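As provided, my_file.cif (mmCIF, C-alpha atoms and all ligand atoms) reads as follows.
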data_target
loop_
_atom_site.label_atom_id
_atom_site.label_comp_id
_atom_site.auth_asym_id
_atom_site.auth_seq_id
_atom_site.Cartn_x
_atom_site.Cartn_y
_atom_site.Cartn_z
CA MET A 268 17.82 5.37 26.54
CA GLY A 269 18.07 7.82 23.74
CA ASN A 270 15.06 6.41 21.98
CA LEU A 271 12.99 8.50 19.65
CA LEU A 272 9.22 8.46 19.48
CA SER A 273 7.38 9.63 16.36
CA VAL A 274 3.85 10.87 16.95
CA VAL A 275 1.94 11.01 13.66
CA VAL A 276 -1.10 13.24 13.65
CA SER A 277 -3.45 13.54 10.68
CA VAL A 278 -4.96 16.96 10.31
CA TYR A 279 -7.85 17.93 8.10
CA ASN A 280 -9.53 21.22 8.90
CA GLU A 281 -8.78 21.07 12.60
CA GLU A 282 -8.05 24.74 13.31
CA ALA A 283 -10.51 24.71 16.19
CA VAL A 284 -8.60 22.10 18.14
CA LEU A 285 -4.98 22.13 16.94
CA ARG A 286 -3.49 24.47 19.53
CA GLN A 287 -5.20 22.66 22.37
CA PHE A 288 -4.03 19.34 20.95
CA TYR A 289 -0.47 20.59 20.70
CA ARG A 290 -0.50 21.89 24.29
CA GLU A 291 -1.86 18.70 25.76
CA VAL A 292 0.32 16.33 23.77
CA LYS A 293 3.38 18.43 24.41
CA LYS A 294 2.71 18.34 28.14
CA VAL A 295 2.67 14.55 28.09
CA LEU A 296 5.66 14.22 25.75
CA GLU A 297 7.79 16.47 27.92
CA THR A 298 7.39 14.04 30.80
CA ALA A 299 8.12 10.98 28.66
CA LYS A 300 11.32 9.00 28.86
CA TRP A 301 11.86 9.11 25.11
CA ASP A 302 12.78 12.01 22.92
CA TYR A 303 10.10 12.76 20.35
CA GLU A 304 9.10 14.23 17.03
CA LEU A 305 5.58 15.49 16.38
CA LEU A 306 4.74 14.79 12.76
CA PHE A 307 1.66 16.64 11.58
CA VAL A 308 0.32 15.53 8.24
CA ASN A 309 -1.80 18.28 6.80
CA ASP A 310 -4.29 16.48 4.58
CA GLY A 311 -5.15 19.41 2.33
CA SER A 312 -6.94 21.45 4.98
CA THR A 313 -8.87 24.38 3.59
CA ASP A 314 -9.06 26.30 6.86
CA GLY A 315 -6.30 27.88 8.94
CA SER A 316 -4.80 24.56 10.09
CA LEU A 317 -1.65 24.92 8.02
CA CYS A 318 -0.95 28.44 9.35
CA ILE A 319 -1.24 27.20 12.91
CA LEU A 320 1.05 24.27 12.14
CA GLN A 321 3.64 26.51 10.53
CA GLU A 322 3.57 28.77 13.54
CA LEU A 323 4.12 25.77 15.83
CA ALA A 324 6.91 24.46 13.62
CA ASP A 325 8.69 27.82 13.70
CA ARG A 326 8.66 27.86 17.47
CA ASP A 327 9.30 24.22 18.17
CA ALA A 328 11.82 22.07 16.30
CA HIS A 329 10.05 18.92 17.49
CA VAL A 330 7.15 19.85 15.25
CA LYS A 331 7.42 18.63 11.67
CA ILE A 332 4.94 19.14 8.88
CA ILE A 333 4.16 17.11 5.82
CA GLY A 334 1.72 19.04 3.68
CA PHE A 335 -0.32 17.24 1.03
CA SER A 336 -1.14 18.91 -2.26
CA ARG A 337 -4.83 18.20 -1.64
CA ASN A 338 -7.06 16.04 0.53
CA PHE A 339 -6.09 12.39 0.25
CA GLY A 340 -7.92 10.97 3.25
CA HIS A 341 -7.08 9.93 6.76
CA GLU A 342 -5.35 6.66 5.87
CA ALA A 343 -3.11 8.29 3.30
CA ALA A 344 -2.14 10.81 5.97
CA MET A 345 -1.21 8.08 8.44
CA ILE A 346 0.79 6.26 5.77
CA ALA A 347 2.69 9.43 4.90
CA GLY A 348 3.41 9.99 8.59
CA ILE A 349 4.78 6.47 8.91
CA ASP A 350 6.85 6.94 5.73
CA TYR A 351 8.45 10.13 6.99
CA SER A 352 8.89 9.10 10.61
CA ILE A 353 12.37 8.37 11.89
CA GLY A 354 11.48 7.21 15.41
CA ASP A 355 12.11 3.84 17.04
CA GLY A 356 8.43 3.74 17.86
CA ILE A 357 5.61 5.37 15.92
CA ILE A 358 2.20 6.34 17.23
CA CYS A 359 -0.66 7.34 14.95
CA MET A 360 -3.37 9.46 16.51
CA ASP A 361 -6.16 11.88 15.63
CA ALA A 362 -5.92 15.60 16.13
CA ASP A 363 -9.28 15.98 17.85
CA LEU A 364 -8.16 14.71 21.28
CA GLN A 365 -10.47 11.71 21.07
CA HIS A 366 -7.32 9.70 21.56
CA PRO A 367 -6.11 10.62 25.04
CA PRO A 368 -2.49 11.86 25.00
CA GLU A 369 -1.88 10.28 28.44
CA CYS A 370 -1.86 6.89 26.71
CA ILE A 371 1.46 7.81 25.11
CA LEU A 372 3.31 7.04 28.35
CA GLU A 373 1.73 3.62 28.58
CA ILE A 374 2.63 2.99 24.94
CA ILE A 375 6.28 3.83 25.60
CA ASP A 376 6.23 1.38 28.50
CA ARG A 377 4.97 -1.35 26.22
CA PHE A 378 7.61 -0.55 23.61
CA GLU A 379 10.24 -0.92 26.31
CA LYS A 380 8.79 -4.29 27.26
CA GLY A 381 9.46 -5.38 23.68
CA PHE A 382 6.03 -5.14 22.09
CA GLU A 383 6.08 -4.06 18.47
CA VAL A 384 2.41 -3.64 17.62
CA ILE A 385 0.20 -1.87 20.11
CA ASN A 386 -3.47 -1.73 19.28
CA MET A 387 -5.49 0.80 21.17
CA VAL A 388 -8.96 -0.56 21.78
CA ARG A 389 -11.73 1.79 22.69
CA THR A 390 -14.01 0.70 25.46
CA LYS A 391 -16.58 3.30 24.68
CA ASN A 392 -17.14 5.91 22.08
CA GLU A 393 -19.38 8.63 23.37
CA SER A 394 -19.36 10.84 20.35
CA ALA A 395 -20.15 8.30 17.68
CA GLY A 396 -23.85 7.78 18.43
CA TRP A 397 -25.72 4.48 18.52
CA PHE A 398 -25.96 4.10 14.75
CA LYS A 399 -22.24 4.40 14.10
CA ASN A 400 -21.45 2.12 17.04
CA MET A 401 -23.91 -0.52 15.91
CA ALA A 402 -22.82 -0.34 12.29
CA SER A 403 -19.21 -0.63 13.37
CA SER A 404 -19.74 -3.75 15.46
CA ALA A 405 -21.86 -5.32 12.69
CA PHE A 406 -19.08 -4.57 10.25
CA TYR A 407 -16.43 -6.26 12.38
CA LYS A 408 -18.63 -9.35 12.81
CA LEU A 409 -19.12 -9.56 9.06
CA ILE A 410 -15.49 -9.08 8.11
CA ASN A 411 -14.40 -11.67 10.66
CA VAL A 412 -16.76 -14.20 9.09
CA LEU A 413 -15.74 -13.34 5.53
CA SER A 414 -12.01 -13.04 5.92
CA ASP A 415 -9.28 -15.44 7.01
CA VAL A 416 -7.59 -12.55 8.66
CA LYS A 417 -8.98 -11.79 12.11
CA PHE A 418 -9.76 -8.25 13.15
CA GLU A 419 -9.95 -6.78 16.57
CA SER A 420 -13.36 -5.17 16.91
CA ASN A 421 -13.28 -1.68 18.33
CA ALA A 422 -9.79 -1.20 17.02
CA SER A 423 -9.32 2.41 16.13
CA ASP A 424 -7.00 4.55 14.12
CA PHE A 425 -5.04 4.90 17.30
CA PHE A 426 -2.14 2.46 17.27
CA ALA A 427 1.58 2.25 17.69
CA VAL A 428 4.19 0.25 15.83
CA SER A 429 7.91 -0.33 16.15
CA ARG A 430 10.43 0.82 13.55
CA ARG A 431 10.55 -2.71 12.15
CA VAL A 432 6.82 -2.86 11.60
CA ALA A 433 6.78 0.66 10.20
CA ASP A 434 9.37 -0.43 7.64
CA VAL A 435 7.22 -3.38 6.67
CA LEU A 436 4.23 -1.06 6.20
CA LYS A 437 6.43 1.28 4.23
CA ASP A 438 7.92 -1.27 1.86
CA SER A 439 5.03 -3.64 1.46
CA TYR A 440 1.33 -2.98 1.95
CA ARG A 441 1.24 -0.16 -0.56
CA GLU A 442 -2.21 -1.04 -1.87
CA LYS A 443 -4.29 1.79 -3.28
CA VAL A 444 -7.46 0.56 -1.68
CA ARG A 445 -6.58 -0.49 1.79
CA PHE A 446 -7.39 -0.84 5.44
CA LEU A 447 -4.37 0.24 7.40
CA ARG A 448 -5.78 -0.92 10.73
CA GLY A 449 -6.20 -4.37 9.24
CA TYR A 450 -2.57 -4.52 8.13
CA VAL A 451 -1.34 -3.34 11.49
CA GLN A 452 -3.22 -6.15 13.17
CA ASN A 453 -1.91 -8.74 10.78
CA VAL A 454 1.79 -8.17 10.31
CA GLY A 455 2.54 -10.43 13.26
CA PHE A 456 5.33 -9.59 15.76
CA ALA A 457 4.74 -9.21 19.50
CA LYS A 458 1.31 -7.67 19.85
CA THR A 459 -0.54 -6.12 22.74
CA THR A 460 -3.61 -4.01 23.30
CA ILE A 461 -4.32 -1.10 25.57
CA ALA A 462 -7.88 -0.09 26.39
CA TYR A 463 -8.83 3.55 26.32
CA GLU A 464 -11.97 5.59 26.47
CA ALA A 465 -12.67 7.63 23.39
CA GLY A 466 -13.83 10.97 24.65
CA VAL A 467 -15.89 13.44 22.70
CA ARG A 468 -14.18 15.50 20.04
CA ALA A 469 -12.59 18.53 21.72
CA ALA A 470 -13.75 20.95 19.02
CA GLY A 471 -14.65 21.02 15.34
CA GLU A 472 -16.67 18.29 13.68
CA SER A 473 -16.27 14.74 12.46
CA LYS A 474 -15.07 14.35 8.89
CA TYR A 475 -16.41 10.86 8.41
CA SER A 476 -19.86 10.76 6.88
CA ILE A 477 -21.98 7.61 6.91
CA ARG A 478 -21.53 7.37 3.14
CA LYS A 479 -17.73 7.47 3.47
CA LEU A 480 -17.82 4.81 6.17
CA PHE A 481 -20.00 2.59 3.99
CA GLN A 482 -17.62 2.87 1.05
CA PHE A 483 -14.77 2.18 3.44
CA SER A 484 -16.48 -1.00 4.67
CA VAL A 485 -17.11 -2.28 1.15
CA ASN A 486 -13.49 -1.64 0.22
CA THR A 487 -12.26 -3.44 3.29
CA ILE A 488 -14.35 -6.52 2.62
CA VAL A 489 -13.17 -6.61 -0.97
CA CYS A 490 -9.54 -6.15 0.12
CA PHE A 491 -9.55 -8.86 2.74
CA SER A 492 -11.94 -11.46 1.40
CA ASN A 493 -12.52 -13.32 -1.85
CA LEU A 494 -15.64 -14.98 -0.51
CA PRO A 495 -18.10 -12.58 -2.18
CA LEU A 496 -16.62 -13.60 -5.54
CA LYS A 497 -17.67 -17.17 -4.84
CA LEU A 498 -21.25 -16.10 -4.27
CA GLY A 499 -21.87 -16.71 -7.98
CA ILE A 500 -20.95 -20.37 -7.65
CA TYR A 501 -23.20 -20.89 -4.62
CA ALA A 502 -26.07 -19.03 -6.26
CA GLY A 503 -25.64 -21.10 -9.41
CA VAL A 504 -25.76 -24.38 -7.48
CA MET A 505 -28.86 -23.25 -5.58
CA ALA A 506 -30.60 -22.21 -8.81
CA ALA A 507 -29.78 -25.58 -10.36
CA LEU A 508 -31.22 -27.42 -7.36
CA LEU A 509 -34.34 -25.30 -7.50
CA GLY A 510 -34.62 -26.12 -11.21
CA VAL A 511 -34.46 -29.86 -10.47
CA VAL A 512 -37.19 -29.55 -7.83
CA VAL A 513 -39.46 -27.62 -10.18
CA MET A 514 -38.77 -30.10 -12.96
CA VAL A 515 -39.66 -33.10 -10.83
CA TYR A 516 -42.77 -31.33 -9.59
CA THR A 517 -43.87 -30.48 -13.13
CA LEU A 518 -43.31 -34.02 -14.38
CA PHE A 519 -45.29 -35.54 -11.54
CA THR A 520 -48.22 -33.15 -11.81
CA ARG A 521 -48.03 -33.48 -15.62
CA GLY A 522 -47.48 -29.76 -15.91
CA GLY A 523 -51.05 -28.65 -15.27
CA ALA A 524 -51.10 -26.16 -18.19
CA PRO A 525 -51.38 -22.33 -18.04
CA SER A 526 -51.51 -21.68 -14.30
CA GLY A 527 -48.20 -20.75 -12.62
CA TYR A 528 -47.83 -17.27 -14.06
CA ALA A 529 -47.01 -15.78 -10.66
CA THR A 530 -44.35 -18.43 -10.10
CA ILE A 531 -42.65 -17.50 -13.33
CA VAL A 532 -42.62 -13.78 -12.56
CA VAL A 533 -41.34 -14.28 -9.02
CA LEU A 534 -38.64 -16.69 -10.10
CA ASN A 535 -37.57 -14.37 -12.88
CA CYS A 536 -37.25 -11.38 -10.58
CA PHE A 537 -35.44 -13.43 -7.99
CA MET A 538 -32.95 -14.88 -10.43
CA PHE A 539 -32.21 -11.55 -12.04
CA ALA A 540 -31.73 -9.95 -8.65
CA ILE A 541 -29.11 -12.52 -7.74
CA LEU A 542 -27.44 -12.13 -11.10
CA PHE A 543 -27.18 -8.36 -10.84
CA VAL A 544 -25.86 -8.47 -7.31
CA ILE A 545 -23.13 -10.83 -8.45
CA VAL A 546 -22.28 -8.62 -11.41
CA GLY A 547 -22.10 -5.68 -8.98
CA ILE A 548 -19.75 -7.56 -6.66
CA MET A 549 -17.48 -8.41 -9.57
CA GLY A 550 -17.57 -4.74 -10.47
CA GLU A 551 -16.28 -3.80 -7.03
CA TYR A 552 -13.35 -6.16 -7.38
CA MET A 553 -12.64 -4.87 -10.86
CA ALA A 554 -12.64 -1.28 -9.67
CA ILE A 555 -10.00 -2.17 -7.12
CA LEU A 556 -7.94 -4.10 -9.65
CA PHE A 557 -8.12 -1.10 -11.93
CA ALA A 558 -6.99 1.25 -9.18
CA GLU A 559 -4.01 -0.98 -8.45
CA LEU A 560 -3.15 -1.18 -12.12
CA LYS A 561 -3.18 2.57 -12.55
CA ASP A 562 -0.72 2.80 -9.69
CA ARG A 563 -1.44 6.39 -8.84
CA PRO A 564 0.23 7.83 -5.76
CA ILE A 565 -1.34 7.29 -2.34
CA TYR A 566 -0.51 10.88 -1.54
CA ILE A 567 1.38 13.79 -3.05
CA VAL A 568 3.48 15.98 -0.80
CA GLY A 569 3.31 19.69 -1.53
CA GLU A 570 5.56 21.09 1.16
CA THR A 571 7.34 20.05 4.32
CA ARG A 572 8.75 21.77 7.38
CA ASN A 573 11.55 20.66 9.68
CA ILE A 574 11.94 17.43 7.71
CA SER A 575 15.58 16.55 7.15
CA CYS A 576 16.88 17.00 3.60
CA GLU A 577 17.99 13.42 2.89
CA LEU A 578 14.61 12.14 3.90
CA GLN A 579 12.96 14.59 1.55
CA GLU A 580 15.16 13.91 -1.43
CA GLY A 581 14.71 10.19 -1.17
CA LYS A 582 10.98 10.66 -0.88
CA SER A 583 10.24 13.30 -3.46
CA LEU A 584 11.48 11.06 -6.24
CA LYS A 585 9.83 8.00 -4.87
CA ARG A 586 6.59 9.30 -3.43
CA THR A 587 5.20 11.28 -6.29
CA GLY A 588 6.56 9.09 -9.06
CA GLY A 589 4.63 6.18 -10.44
CA THR A 590 6.74 3.70 -8.54
CA GLY A 591 6.22 5.54 -5.31
CA ARG A 592 2.98 3.81 -4.99
CA THR A 593 1.09 6.04 -2.69
CA GLY A 594 -2.72 6.73 -3.30
CA LYS A 595 -6.36 6.18 -2.83
CA ILE A 596 -9.19 5.36 -5.09
CA GLU A 597 -10.78 8.38 -6.60
CA GLY A 598 -14.43 9.32 -6.39
N1 LIG A 601 -8.76 13.36 8.79
C1 LIG A 601 -7.85 13.47 7.76
N2 LIG A 601 -8.32 13.47 6.46
C2 LIG A 601 -9.64 13.33 6.16
C3 LIG A 601 -10.56 13.18 7.24
C4 LIG A 601 -10.07 13.19 8.53
O1 LIG A 601 -6.66 13.59 7.98
O2 LIG A 601 -9.99 13.35 4.99
C5 LIG A 601 -8.26 13.36 10.18
C6 LIG A 601 -8.94 14.34 11.09
O3 LIG A 601 -8.33 15.61 11.06
C7 LIG A 601 -8.77 13.67 12.44
C8 LIG A 601 -8.79 12.20 12.11
O4 LIG A 601 -8.52 12.10 10.72
O5 LIG A 601 -7.51 13.98 13.03
C9 LIG A 601 -10.11 11.54 12.45
O6 LIG A 601 -11.16 12.23 11.85
P1 LIG A 601 -12.53 12.49 12.60
O7 LIG A 601 -12.29 12.90 14.01
O8 LIG A 601 -13.31 13.43 11.76
O9 LIG A 601 -13.19 11.05 12.56
P2 LIG A 601 -14.05 10.35 13.72
O10 LIG A 601 -13.24 10.45 14.99
O11 LIG A 601 -15.32 11.10 13.80
O12 LIG A 601 -14.22 8.94 13.24
MG MG A 602 -12.57 12.07 15.83
#

Please re-express this file's structure in structure tokens.
Ligand code: UDP
Ligand code: MG
Amino acid sequence: MGNLLSVVVSVYNEEAVLRQFYREVKKVLETAKWDYELLFVNDGSTDGSLCILQELADRDAHVKIIGFSRNFGHEAAMIAGIDYSIGDGIICMDADLQHPPECILEIIDRFEKGFEVINMVRTKNESAGWFKNMASSAFYKLINVLSDVKFESNASDFFAVSRRVADVLKDSYREKVRFLRGYVQNVGFAKTTIAYEAGVRAAGESKYSIRKLFQFSVNTIVCFSNLPLKLGIYAGVMAALLGVVVMVYTLFTRGGAPSGYATIVVLNCFMFAILFVIVGIMGEYMAILFAELKDRPIYIVGETRNISCELQEGKSLKRTGGTGRTGKIEG
């Protein structure tokens, strides 16, 4: 059919697994009906990843490299890959072979059937451990309660989108603090899911710490829900009701003088706790507002390989400039 598939792979210190990844993906892509480009986004790796990628790019014209000037994070890498892709269908996947390359064939099938958003849903995640798995399912329950937007639980950073959807992601959805998976699930268009089993990481180690995941969860809730902001109103109403009850009680018992010290202390602590939590929540929203206002780039491209010139010229002005809106929150 002469269709082109773009496979976007984010790479951060993956020297241990890159060659194996390339071999296995290549094997699958060679049997696919579509022509392909393999877009590696080097997210500021500090190991030999870039050297390996350059070597692959020299040998194989299908391999393209977008090199960031420093580490910008996994999401920024996927966004850059989508921005630079020229395919009719785009697949985002990890470099550690946790996302089975065989699925690519199935994805192409679905594209041909007319689906435009293909969510890969993992049925099991062996490597993540019970804590990560539990935290992840709790997180999805919470966000689905808090947000109007509905999220597929167990959705992963493995997904595929059509050119049309990629253009939507490229032109809109340029928030600094973001949840790409969430956008992908909520742009609409013909959607489908494919189940897959997340295997163990082929080599190297996970780059996501619990702390990072926690920050990520907070950001996502703040991005997709305004409900926490209303907590102040609910807390205020509750406190007022409590005040009325205490007032009525005091009037009826004629305020039996100095006893009630413990009540005062407990109430004070309780009220202040609520107050500070609310101030903290407002702080989170403000931090995100501030990040959007600063409009720093989502990513900065240092060098590229095998990327066509027009694409680069258009980008280099747009992507690193203030209007290019590319970036992630610092710190
Ligand atoms: N990654 C990235 N930038 C980062 C961290 C990770 O590009 O700052 C890439 C990493 O190379 C891998 C993918 O994102 O291809 C997923 O990372 P990882 O396997 O460490 O996460 P996990 O599968 O443990 O959630
Ligand atoms: Mg992984």

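Considering all atoms listed in the file, every residue of the polymer chains approaching ligand LIG 601 (chain A) to 6 Å or closer is listed here: Ser277, Val278, Tyr279, Glu281, Asp310, Asn338, Gly340, His341, Ala344, Asp361, Ala362, Asp363, Ser473, Lys474 and Tyr475 of chain A.
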
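Counting only C-alpha atoms and all ligand atoms, the residue from A:Tyr407, A:Phe425, A:Phe382, A:Tyr528 that sits nearest to ligand MG 602 (chain A) is A:Phe425.
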
Find the residues near Pro495 of chain A: any atom within 10 Å, counting only C-alpha atoms, skip ones fewer than 6 places away on the same chain, and give them as a PyMOL selection string. chain A and resi 413+488-489+545+548-549+552

Can those selected residues be exported to a file as an mmCIF file, in the coordinates of the input so that it contains C-alpha atoms?
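As written to disk, again.cif reads:
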data_model
loop_
_atom_site.group_PDB
_atom_site.id
_atom_site.type_symbol
_atom_site.label_atom_id
_atom_site.label_comp_id
_atom_site.auth_asym_id
_atom_site.auth_seq_id
_atom_site.Cartn_x
_atom_site.Cartn_y
_atom_site.Cartn_z
ATOM 1 C CA LEU A 413 -15.740 -13.340 5.530
ATOM 2 C CA ILE A 488 -14.350 -6.520 2.620
ATOM 3 C CA VAL A 489 -13.170 -6.610 -0.970
ATOM 4 C CA ILE A 545 -23.130 -10.830 -8.450
ATOM 5 C CA ILE A 548 -19.750 -7.560 -6.660
ATOM 6 C CA MET A 549 -17.480 -8.410 -9.570
ATOM 7 C CA TYR A 552 -13.350 -6.160 -7.380
#

Nearby residues (only C-alpha atoms) at most 8 Å from segment 453-467 of chain A, same-chain spacing under 4 positions excluded, as a ChimeraX atom specification: /A:364-367,370,381-394,416-417,432,449

Please put the answer as lines of an AutoDock Vina configuration file: centre and edge lengths, in Å with one decimal, of a box along x, y and z that encloses all listed atoms of segment 312-324 of chain A plus 6 Å on each side.
center_x = -1.1
center_y = 25.1
center_z = 9.7
size_x = 28.0
size_y = 19.3
size_z = 24.2

Using only C-alpha atoms, can you tell me which of A:Leu306, A:Ala422, A:Cys318, A:Ile531 comes closest to Ser404 of chain A? A:Ala422

Rank A:Ile567, A:Ile375, A:Leu534, A:Leu272 by their smallest atom-to-atom distance to Gly354 of chain A, using all atoms listed in the file, and report the top residue only. A:Leu272

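From atom CA of Pro564 of chain A back to atom CA of Ala328 of chain A, the distance works out to 28.7 Å.
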
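Atom pair atom CA of Arg377 of chain A / atom CA of Gln287 of chain A has a distance of 26.4 Å (rounded to one decimal).
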
For ligand MG 602 (chain A), which of A:Leu372, A:Met360, A:Val504, A:Cys490 is the closest residue, counting all atoms listed in the file? A:Met360

Of the candidates A:Ala427, A:Ile353, A:Val275, A:Leu436, which one gets nearest to Ile332 of chain A if we count only C-alpha atoms? A:Val275

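Distance-wise, atom CA of Ile346 of chain A and atom CA of Leu447 of chain A end up 8.1 Å apart.
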
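Considering the residues A:Ala529, A:Asn573, A:Ala347, A:Gly311 and counting only C-alpha atoms, Ala433 of chain A has its shortest atom-to-atom contact with A:Ala347.
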
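If you count only C-alpha atoms and ignore residues fewer than 6 places along the chain from Lys437 of chain A, what sits within 10 Å of it is Ile346, Ala347, Ile349, Asp350, Tyr351, Arg431 and Thr593 of chain A.
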
Polymer residues at most 9 Å from (-11.3, -5.3, 2.6) by all atoms listed in the file, as a PyMOL selection string: chain A and resi 410+414+444-446+449+483-492
